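Source file entry.cif; content: mmCIF, C-alpha atoms and all ligand atoms.
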data_run
loop_
_atom_site.label_atom_id
_atom_site.label_comp_id
_atom_site.auth_asym_id
_atom_site.auth_seq_id
_atom_site.Cartn_x
_atom_site.Cartn_y
_atom_site.Cartn_z
CA MET D 681 -26.38 -57.13 57.44
CA ARG D 682 -28.86 -55.31 59.67
CA GLN D 683 -31.82 -57.15 61.13
CA LEU D 684 -35.26 -56.37 59.75
CA LYS D 685 -36.66 -55.51 63.18
CA GLU D 686 -34.34 -52.48 63.21
CA THR D 687 -36.49 -50.86 60.50
CA GLY D 688 -39.41 -50.37 62.89
CA LEU D 689 -41.68 -51.66 60.10
CA THR D 690 -44.50 -54.06 60.99
CA LYS D 691 -44.53 -57.71 59.94
CA GLU D 692 -47.25 -56.88 57.39
CA GLU D 693 -45.14 -54.06 55.92
CA LEU D 694 -42.10 -56.34 55.61
CA ILE D 695 -44.14 -59.08 53.94
CA HIS D 696 -45.58 -56.44 51.61
CA ALA D 697 -42.02 -55.34 50.79
CA PHE D 698 -41.04 -58.90 49.91
CA LYS D 699 -44.11 -59.32 47.74
CA GLN D 700 -43.18 -56.18 45.78
CA VAL D 701 -39.65 -57.54 45.27
CA LEU D 702 -41.05 -60.88 44.09
CA ARG D 703 -43.64 -59.17 41.86
CA GLY D 704 -40.87 -57.09 40.26
CA ARG D 705 -38.75 -60.17 39.55
CA ARG D 706 -41.55 -62.34 38.19
CA LEU D 707 -43.00 -59.54 36.08
CA ASP D 708 -39.58 -58.78 34.61
CA GLU D 709 -39.18 -62.46 33.73
CA ARG D 710 -42.49 -62.24 31.88
CA LEU D 711 -41.31 -59.14 29.98
CA TRP D 712 -38.23 -61.06 28.84
CA GLN D 713 -40.40 -63.97 27.68
CA LEU D 714 -42.54 -61.59 25.66
CA THR D 715 -39.48 -60.19 23.84
CA ARG D 716 -38.11 -63.69 23.19
CA ILE D 717 -41.32 -64.91 21.55
CA GLY D 718 -41.54 -61.76 19.45
CA LYS D 719 -44.63 -60.28 21.08
CA THR D 720 -42.84 -57.17 22.32
CA SER D 721 -39.83 -55.32 20.97
CA PHE D 722 -37.63 -54.45 23.94
CA ASN D 723 -36.90 -54.92 27.64
CA ILE D 724 -34.35 -53.41 30.00
CA SER D 725 -34.26 -54.95 33.35
CA GLY D 726 -33.79 -54.16 37.05
CA GLN D 727 -33.08 -57.73 38.15
CA GLY D 728 -30.53 -57.41 40.95
CA ALA D 729 -31.80 -54.01 42.16
CA GLU D 730 -35.27 -54.90 43.44
CA VAL D 731 -34.57 -54.99 47.19
CA GLY D 732 -32.88 -51.57 47.24
CA GLN D 733 -35.66 -50.12 45.10
CA VAL D 734 -38.47 -51.34 47.36
CA ALA D 735 -36.63 -50.20 50.51
CA MET D 736 -36.20 -46.78 48.87
CA VAL D 737 -39.87 -46.38 47.94
CA MET D 738 -41.08 -47.42 51.40
CA ALA D 739 -39.34 -44.39 52.88
CA PHE D 740 -41.50 -42.00 50.78
CA GLN D 741 -45.18 -41.01 50.78
CA PRO D 742 -46.24 -41.70 47.17
CA GLU D 743 -49.54 -39.83 47.60
CA LYS D 744 -47.68 -36.54 48.05
CA ASP D 745 -44.08 -37.14 46.92
CA TYR D 746 -42.75 -37.23 43.33
CA PHE D 747 -40.75 -39.98 41.67
CA LEU D 748 -38.56 -39.54 38.58
CA PRO D 749 -37.39 -43.06 37.82
CA TYR D 750 -34.98 -44.35 35.22
CA TYR D 751 -35.48 -47.33 32.96
CA ARG D 752 -34.40 -50.03 35.48
CA ASP D 753 -36.94 -48.94 38.10
CA MET D 754 -39.91 -51.14 37.25
CA THR D 755 -39.97 -52.67 40.74
CA ALA D 756 -39.75 -49.22 42.32
CA CYS D 757 -42.67 -48.07 40.15
CA LEU D 758 -44.74 -51.07 41.25
CA ALA D 759 -43.92 -50.26 44.87
CA TRP D 760 -44.86 -46.62 44.20
CA GLY D 761 -48.31 -47.70 43.01
CA MET D 762 -48.28 -48.84 39.37
CA SER D 763 -49.83 -52.23 38.60
CA SER D 764 -48.44 -55.21 36.71
CA LYS D 765 -50.96 -54.47 33.95
CA ASP D 766 -49.79 -50.82 33.73
CA ILE D 767 -46.27 -52.08 33.11
CA ILE D 768 -47.24 -54.70 30.51
CA LEU D 769 -49.41 -52.17 28.65
CA GLY D 770 -46.22 -50.12 28.22
CA SER D 771 -44.29 -53.11 26.89
CA PHE D 772 -46.99 -53.78 24.31
CA GLY D 773 -47.12 -50.04 23.49
CA LYS D 774 -50.90 -49.95 23.88
CA GLU D 775 -53.07 -46.82 23.85
CA ALA D 776 -53.99 -47.50 27.50
CA ASP D 777 -50.30 -47.49 28.57
CA PRO D 778 -50.24 -44.96 31.44
CA SER D 779 -46.59 -44.06 30.83
CA SER D 780 -47.02 -42.59 27.33
CA HIS D 781 -50.03 -44.18 25.59
CA GLY D 782 -47.53 -46.21 23.59
CA ARG D 783 -45.60 -43.15 22.29
CA GLN D 784 -42.38 -43.70 24.28
CA MET D 785 -40.01 -46.66 24.37
CA PRO D 786 -40.99 -49.35 26.89
CA ASN D 787 -39.46 -48.98 30.38
CA HIS D 788 -39.88 -45.18 30.44
CA TYR D 789 -42.28 -45.35 33.34
CA GLY D 790 -44.77 -42.63 34.16
CA SER D 791 -48.14 -42.29 35.83
CA LYS D 792 -49.80 -38.96 36.38
CA ALA D 793 -52.13 -40.55 38.93
CA HIS D 794 -49.15 -41.72 40.98
CA HIS D 795 -46.83 -38.66 40.68
CA ILE D 796 -44.37 -40.68 38.58
CA ILE D 797 -42.77 -38.51 35.90
CA SER D 798 -41.70 -40.24 32.69
CA HIS D 799 -38.08 -39.58 31.72
CA SER D 800 -36.47 -38.68 28.42
CA SER D 801 -34.10 -41.18 26.82
CA PRO D 802 -31.01 -38.90 27.11
CA VAL D 803 -29.78 -40.28 30.42
CA SER D 804 -29.97 -38.28 33.68
CA THR D 805 -32.08 -35.40 32.32
CA GLN D 806 -34.69 -36.42 34.92
CA LEU D 807 -32.41 -35.06 37.66
CA ASN D 808 -32.83 -31.52 36.36
CA VAL D 809 -36.59 -31.97 36.11
CA ALA D 810 -36.54 -33.21 39.71
CA THR D 811 -34.74 -30.04 40.75
CA GLY D 812 -37.50 -28.03 39.10
CA ILE D 813 -40.16 -29.98 41.00
CA GLY D 814 -38.22 -29.49 44.23
CA TYR D 815 -37.99 -25.74 43.54
CA ALA D 816 -41.75 -25.63 42.95
CA ALA D 817 -42.29 -27.38 46.30
CA LEU D 818 -40.18 -24.69 47.96
CA LEU D 819 -42.07 -21.83 46.29
CA GLU D 820 -45.44 -23.40 47.07
CA GLU D 821 -44.38 -24.19 50.65
CA SER D 822 -45.39 -27.83 50.09
CA ASP D 823 -43.76 -30.54 52.17
CA SER D 824 -43.46 -32.99 49.27
CA VAL D 825 -40.10 -34.66 48.63
CA THR D 826 -38.85 -35.61 45.17
CA VAL D 827 -36.68 -38.60 44.35
CA ALA D 828 -34.79 -39.06 41.08
CA THR D 829 -32.74 -42.11 40.15
CA THR D 830 -30.09 -42.79 37.56
CA GLY D 831 -27.20 -45.16 36.81
CA GLU D 832 -23.56 -44.58 37.77
CA GLY D 833 -22.47 -44.10 34.14
CA SER D 834 -25.26 -41.60 33.56
CA PHE D 835 -24.32 -39.76 36.75
CA ASN D 836 -21.29 -38.38 34.86
CA GLN D 837 -23.48 -36.30 32.55
CA GLY D 838 -22.79 -32.56 32.88
CA GLU D 839 -26.33 -31.56 33.78
CA VAL D 840 -26.14 -33.68 36.96
CA ALA D 841 -23.75 -31.05 38.36
CA GLU D 842 -26.28 -28.31 37.59
CA ALA D 843 -29.12 -30.24 39.22
CA MET D 844 -27.15 -31.00 42.40
CA ASN D 845 -25.67 -27.53 42.69
CA PHE D 846 -29.01 -25.73 42.39
CA ALA D 847 -30.68 -28.21 44.77
CA ALA D 848 -27.94 -27.57 47.33
CA ILE D 849 -28.03 -23.76 47.04
CA LYS D 850 -31.80 -23.65 47.56
CA LYS D 851 -31.83 -26.54 50.07
CA LEU D 852 -34.42 -28.31 47.94
CA PRO D 853 -36.26 -31.42 49.18
CA ILE D 854 -34.73 -33.85 46.70
CA ILE D 855 -33.09 -37.24 47.08
CA PHE D 856 -30.72 -38.07 44.23
CA VAL D 857 -30.15 -41.79 43.81
CA VAL D 858 -27.41 -43.53 41.86
CA GLU D 859 -28.07 -47.22 41.27
CA ASN D 860 -24.51 -48.41 40.86
CA ASN D 861 -24.43 -51.79 39.12
CA LEU D 862 -20.77 -51.36 38.05
CA TRP D 863 -21.57 -51.40 34.33
CA ALA D 864 -22.69 -48.83 31.78
CA ILE D 865 -23.71 -51.14 28.95
CA SER D 866 -20.28 -52.79 28.28
CA VAL D 867 -18.12 -50.18 30.07
CA GLY D 868 -16.82 -51.05 33.56
CA THR D 869 -16.35 -48.56 36.40
CA GLU D 870 -12.61 -48.07 35.80
CA GLU D 871 -13.54 -46.29 32.57
CA GLN D 872 -16.50 -44.44 34.07
CA TYR D 873 -15.06 -42.55 37.05
CA ALA D 874 -11.83 -42.08 39.00
CA ASN D 875 -13.30 -41.08 42.38
CA LYS D 876 -13.82 -43.83 44.96
CA GLU D 877 -17.57 -43.66 45.41
CA MET D 878 -20.34 -41.79 43.62
CA ALA D 879 -21.66 -40.84 47.07
CA ASP D 880 -18.45 -38.80 47.63
CA ARG D 881 -19.56 -36.27 45.05
CA ALA D 882 -22.32 -34.84 47.25
CA ALA D 883 -19.77 -33.24 49.59
CA ALA D 884 -18.50 -31.09 46.71
CA TYR D 885 -21.94 -29.49 46.49
CA GLY D 886 -22.40 -29.12 50.24
CA PHE D 887 -24.71 -31.96 51.19
CA GLU D 888 -24.46 -35.53 52.45
CA GLY D 889 -23.96 -38.57 50.27
CA ILE D 890 -23.89 -42.16 51.42
CA ARG D 891 -23.23 -45.53 49.78
CA VAL D 892 -25.45 -48.46 50.82
CA ASP D 893 -25.57 -52.15 50.00
CA GLY D 894 -28.69 -52.71 47.90
CA MET D 895 -29.07 -56.23 49.31
CA ASP D 896 -29.41 -54.97 52.87
CA PHE D 897 -33.09 -54.02 53.08
CA ALA D 898 -32.92 -52.55 56.59
CA GLU D 899 -29.83 -50.46 55.90
CA CYS D 900 -31.33 -49.10 52.67
CA TYR D 901 -34.68 -48.31 54.25
CA LEU D 902 -33.19 -46.56 57.29
CA THR D 903 -30.83 -44.50 55.13
CA PHE D 904 -33.62 -43.32 52.86
CA LYS D 905 -35.89 -42.65 55.82
CA ARG D 906 -33.28 -40.41 57.42
CA PHE D 907 -32.67 -38.49 54.18
CA VAL D 908 -36.39 -38.13 53.43
CA ASP D 909 -37.12 -36.89 56.96
CA GLN D 910 -34.31 -34.32 56.64
CA ALA D 911 -35.49 -33.14 53.23
CA ARG D 912 -39.10 -32.86 54.41
CA ALA D 913 -37.91 -30.78 57.36
CA GLY D 914 -36.30 -28.26 54.98
CA LYS D 915 -32.71 -29.42 55.49
CA GLY D 916 -31.99 -29.90 51.80
CA PRO D 917 -31.03 -32.68 49.43
CA GLY D 918 -29.24 -35.98 49.91
CA LEU D 919 -27.46 -38.42 47.64
CA VAL D 920 -27.77 -42.19 48.02
CA GLU D 921 -25.56 -44.55 46.06
CA LEU D 922 -27.31 -47.91 46.00
CA MET D 923 -24.89 -50.73 45.26
CA VAL D 924 -26.87 -53.19 43.15
CA SER D 925 -26.14 -55.77 40.51
CA ARG D 926 -27.19 -56.04 36.91
CA MET D 927 -28.18 -59.69 36.63
CA THR D 928 -29.11 -59.47 32.95
CA SER D 929 -27.54 -58.04 29.83
CA HIS D 930 -27.88 -54.26 29.52
CA SER D 931 -31.09 -54.81 27.56
CA SER D 932 -32.77 -57.35 25.32
CA ASP D 933 -30.49 -56.11 22.52
CA ASP D 934 -27.04 -57.18 23.77
CA ASP D 935 -25.22 -60.21 25.19
CA GLN D 936 -23.26 -59.55 28.37
CA THR D 937 -21.26 -62.78 28.12
CA ILE D 938 -19.18 -60.99 25.46
CA TYR D 939 -17.89 -58.31 27.85
CA ARG D 940 -18.27 -59.80 31.38
CA SER D 941 -16.19 -62.73 32.60
CA LYS D 942 -17.70 -66.11 33.38
CA GLU D 943 -16.37 -65.81 36.96
CA GLU D 944 -18.09 -62.47 37.51
CA LEU D 945 -21.39 -63.78 36.18
CA GLU D 946 -21.15 -66.92 38.32
CA GLU D 947 -20.32 -64.91 41.45
CA MET D 948 -23.25 -62.59 40.85
CA LYS D 949 -25.66 -65.52 41.06
CA THR D 950 -24.60 -66.05 44.67
CA LYS D 951 -25.54 -62.45 45.47
CA ASP D 952 -29.08 -62.36 44.17
CA PRO D 953 -30.88 -59.81 46.39
CA LEU D 954 -34.20 -61.63 46.02
CA ALA D 955 -32.66 -64.83 47.43
CA VAL D 956 -30.83 -62.91 50.17
CA PHE D 957 -33.97 -61.03 51.27
CA GLN D 958 -36.09 -64.19 51.11
CA LYS D 959 -33.61 -66.06 53.31
CA GLN D 960 -33.51 -63.18 55.77
CA LEU D 961 -37.31 -63.13 56.08
CA LEU D 962 -37.34 -66.91 56.61
CA ASP D 963 -34.46 -66.84 59.11
CA GLU D 964 -35.90 -63.94 61.10
CA GLY D 965 -39.31 -65.59 61.26
CA TYR D 966 -41.45 -63.31 59.08
CA LEU D 967 -42.32 -65.87 56.40
CA THR D 968 -42.54 -69.63 55.90
CA GLN D 969 -41.80 -71.48 52.68
CA GLN D 970 -45.54 -72.16 52.46
CA ASP D 971 -46.27 -68.40 52.53
CA ILE D 972 -43.77 -67.88 49.72
CA ASP D 973 -45.25 -70.70 47.61
CA ALA D 974 -48.72 -69.16 48.00
CA MET D 975 -47.36 -65.74 47.02
CA GLU D 976 -45.68 -67.21 43.93
CA LEU D 977 -48.95 -68.76 42.84
CA GLU D 978 -50.92 -65.57 43.39
CA LEU D 979 -48.38 -63.51 41.42
CA LYS D 980 -48.33 -66.03 38.59
CA GLU D 981 -52.08 -65.68 38.21
CA GLU D 982 -51.92 -61.89 38.46
CA ILE D 983 -49.20 -61.64 35.80
CA ASN D 984 -50.89 -64.14 33.46
CA GLN D 985 -54.14 -62.21 33.69
CA ALA D 986 -52.40 -58.84 33.25
CA THR D 987 -50.59 -60.18 30.15
CA ASP D 988 -53.78 -61.51 28.56
CA GLU D 989 -55.77 -58.36 29.28
CA ALA D 990 -53.03 -55.99 28.14
CA GLU D 991 -52.43 -57.90 24.91
CA GLN D 992 -56.09 -57.58 23.95
CA MET D 993 -56.21 -53.79 24.43
CA PRO D 994 -56.21 -51.56 21.30
CA ASP D 995 -53.01 -50.20 19.79
CA PRO D 996 -52.67 -46.43 19.34
CA LYS D 997 -54.22 -45.19 16.09
CA ALA D 998 -51.70 -43.94 13.53
CA ALA D 999 -53.82 -40.83 12.91
CA ASP D 1000 -53.51 -39.86 16.62
CA ILE D 1001 -49.78 -40.31 16.88
CA LEU D 1002 -49.11 -36.67 17.80
CA THR D 1003 -51.61 -36.55 20.66
CA HIS D 1004 -50.17 -37.01 24.18
CA VAL D 1005 -46.78 -35.90 22.86
CA TRP D 1006 -47.07 -32.22 23.80
CA ALA D 1007 -49.12 -30.59 26.56
CA GLU D 1008 -52.48 -29.33 25.31
CA GLN D 1009 -52.89 -25.55 25.54
C1 LIG U 1 -27.02 -38.74 26.88
C2 LIG U 1 -27.07 -40.21 26.52
N1 LIG U 1 -25.93 -40.82 26.13
C3 LIG U 1 -25.96 -42.13 25.83
C4 LIG U 1 -27.12 -42.85 25.90
C5 LIG U 1 -27.14 -44.33 25.56
N2 LIG U 1 -27.22 -45.10 26.80
C6 LIG U 1 -28.40 -45.57 27.27
S1 LIG U 1 -28.23 -46.39 28.70
C7 LIG U 1 -26.57 -46.14 28.73
C8 LIG U 1 -25.74 -46.69 29.85
C9 LIG U 1 -26.04 -46.09 31.14
O1 LIG U 1 -25.30 -46.78 32.14
P1 LIG U 1 -25.55 -46.50 33.65
O2 LIG U 1 -25.84 -45.08 33.89
O3 LIG U 1 -24.44 -47.09 34.42
O4 LIG U 1 -26.92 -47.24 33.96
P2 LIG U 1 -27.30 -48.77 33.84
O5 LIG U 1 -27.86 -48.96 32.46
O6 LIG U 1 -26.06 -49.58 34.08
O7 LIG U 1 -28.31 -48.98 34.89
C10 LIG U 1 -26.16 -45.41 27.62
C11 LIG U 1 -24.76 -45.04 27.34
C12 LIG U 1 -28.29 -42.16 26.28
N3 LIG U 1 -29.47 -42.78 26.38
N4 LIG U 1 -28.23 -40.85 26.61
#
Take the structure in the file and write it out as C-alpha cells.
Ligand SMILES: Cc1ncc(C[n+]2csc(CCOP(=O)(O)OP(=O)(O)O)c2C)c(N)n1
Amino acid sequence: MRQLKETGLTKEELIHAFKQVLRGRRLDERLWQLTRIGKTSFNISGQGAEVGQVAMVMAFQPEKDYFLPYYRDMTACLAWGMSSKDIILGSFGKEADPSSHGRQMPNHYGSKAHHIISHSSPVSTQLNVATGIGYAALLEESDSVTVATTGEGSFNQGEVAEAMNFAAIKKLPIIFVVENNLWAISVGTEEQYANKEMADRAAAYGFEGIRVDGMDFAECYLTFKRFVDQARAGKGPGLVELMVSRMTSHSSDDDQTIYRSKEELEEMKTKDPLAVFQKQLLDEGYLTQQDIDAMELELKEEINQATDEAEQMPDPKAADILTHVWAEQ
C-alpha cells in the first residue's frame, strides 16, 4: 500500500478525508437503523467503498466539476458537499430533500447547488447523461470535468458502450468509474463478465483504463488526480475500476447470507477500508486514538441532530406530487 505522504496532500486534508469516510460510515449505520425501526422504507449502502469514494472526490473541484453518482455513493456525495441532513431528508422523503423533494427513491442523490445530478433507477443511464455534460463542456470551452460512477454489473448495459465511444471520439473530459464489489445483487462476477478486468474495456474505445484497490487511499487519489488533470487538459476520458467491497446485503430488502458463503463474509470483515485507513493514519502519525474518539463524538451529535431535524420537516403534499418531476417551461 502506498504511503499517505505520496499524495502531496496536507495533514489537514488527510484528516478531512478520514472524517468524510467516518461520516459516511456512521451516517449509513443510522440509515439502516431508521429502516429497521420502520421510520424509513429503504436503504442501499456503500459500506466498504468509502475510502475509494473520498479519494476519488478529492481529485475533483466540486465547485466547477459535475458528479453523476449511483446509489452506493452517499459518502462520495458528502465529500462532494452534501450534508448529513441533506441525505437523511432524502431517506425520509421530505419536501426539503435536495435530491428530489421526496419524489425519487432514497439513495438517488442529487443537489443542484453542488453540481450533483440525480440518476434514474435503470442502472448506468447516468453515464450517457455524463457524456452529454462533457460534450456541453467541450462546446462551451469550459474546463469542467465530469465523473460518473456505476457498479460492475451495471457496466454491462448496452448504453455504456455508446457513452464511452462518444466520449472517446470527442475526447470529452469525463472520468467513468466502475465500483467493482464483485456482486450484482446475488450474481457473482463469473456470471457478469468474461473479461479479466472492467478497466480493460477502455482500450477498446481508445482511452486508458486502470484498476485500483479501493482500500489504498493514496493509490486511488493519485490515479484519479492523473486522470482528472489529463481530462481537464483536453486529453479525453479515462476509466477507473475501483475494487471495493459490499459489506452489507444489496439493500435493506435482501439477505446476503443466502447467496454469499460464511467464509467470504468473515474474510471481508478483515478488509474493512475504514479500519485499514484508520490504522494507516495512526501508523503514519496523522491521527491519535484521542483525535478519533473526539471525531466519533462530534459525528454522533451531528447525525443525531440531523435525524431529529429532518424527521420534523414537512412531507410533500399529495396535491403537489407532479411538481419537481419535469422541468418548468
Ligand atoms: C436496467 C436495470 N436492470 C436491472 C435493475 C435492477 N437492479 C438494480 S441494482 C442491480 C444490481 C447492480 O449491480 P452492480 O452494477 O454490480 O452494482 P452494485 O449494486 O453491486 O453496487 C440491479 C440488477 C435496474 N435498476 N436497472
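Distance annotation: of D:Leu748, D:Val840, D:Ala729, D:Ala1007, the residue with the minimal separation from D:Met923 is D:Ala729; atom set is all atoms listed in the file.
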Distance query stretch 847-864 of chain D at most 7 Å, all atoms listed in the file, self and fewer than 2 positions along chain excluded, as a PyMOL selection string: chain D and resi 811+814-815+818+825-833+843-845+866-869+885-887+911-912+914-926
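Pairwise distance (atom CA of D:Pro994, atom CA of D:Asn723) equals 20.6 Å.
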Each side padded by 6 Å, which centre and which edge lengths in Å (one decimal) define the axis-aligned box around the listed atoms of ligand LIG 1 (chain U)? Give them as AutoDock Vina command-line options.
--center_x -27.0 --center_y -44.2 --center_z 30.2 --size_x 17.0 --size_y 22.8 --size_z 21.3
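Pairwise distance (atom CA of D:Gln936, atom CA of D:Leu954) equals 20.9 Å.
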Computed interatomic separation between atom CA of D:Glu686 and atom CA of D:Asp952 (Å):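 So the answer is 22.1 Å.
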Residue contacts of stretch 718-722 of chain D (8 Å, all atoms listed in the file) excluding same-chain residues fewer than 3 positions away, as a list of chain:residue names: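 Using all atoms listed in the file, the neighbours found are D:Leu714, D:Thr715, D:Ser771, D:Phe772, D:Pro786, D:Ser931, D:Ser932, D:Asp933.
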Residue nearest D:His781 among D:Glu981, D:Asp1000, D:Asp753, D:Asp934 (counting all atoms listed in the file): D:Asp1000
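Between D:Thr968 and the residues D:Ile695, D:Ala986, D:Ala998, D:Leu684, the shortest atom-to-atom distance, using only C-alpha atoms, involves D:Ile695.
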Closest of D:Val737, D:Val701, D:Leu967, D:Ile724 to D:Val908 - atom-to-atom distances counting all atoms listed in the file: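 Of all the options, D:Val737 lies closest to D:Val908.
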Shortest interatomic distance to ligand LIG 1 (chain U) - which of D:Asn836, D:Thr903, D:Gln960, D:Ser822, counting all atoms listed in the file: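 Among D:Asn836, D:Thr903, D:Gln960, D:Ser822, it is D:Asn836 that comes nearest to ligand LIG 1 (chain U).
When only C-alpha atoms and all ligand atoms are used to measure the gap to ligand LIG 1 (chain U), the shortest distance among D:Lys980, D:Lys951, D:Arg752, D:Lys905 belongs to D:Arg752.
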Residues within 10 Å of (-42.5, -37.3, 35.1), counting only C-alpha atoms, listed as a VMD selection string: chain D and resid 746 to 749 779 788 to 792 794 to 800 806 809 to 810 813 828
Sel. within 9 Å of pt (-31.2, -60.3, 34.0), counting only C-alpha atoms, output as a PyMOL selection string: chain D and resi 708-709+712+724-728+926-931
Contacts of D:Met681 at 12 Å (all atoms listed in the file; same-chain gap of 4+ positions) as a compact mmCIF listing (two decimals) with C-alpha atoms, in the frame of the given file:
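After the write, selection.txt holds the following:
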# COMPACT_ATOMS: atom_id res chain seq x y z
CA LYS D 685 -36.66 -55.51 63.18
CA GLU D 686 -34.34 -52.48 63.21
CA VAL D 892 -25.45 -48.46 50.82
CA ASP D 893 -25.57 -52.15 50.00
CA GLY D 894 -28.69 -52.71 47.90
CA MET D 895 -29.07 -56.23 49.31
CA ASP D 896 -29.41 -54.97 52.87
CA PHE D 897 -33.09 -54.02 53.08
CA ALA D 898 -32.92 -52.55 56.59
CA GLU D 899 -29.83 -50.46 55.90
CA CYS D 900 -31.33 -49.10 52.67
CA VAL D 956 -30.83 -62.91 50.17
CA PHE D 957 -33.97 -61.03 51.27
CA GLN D 960 -33.51 -63.18 55.77
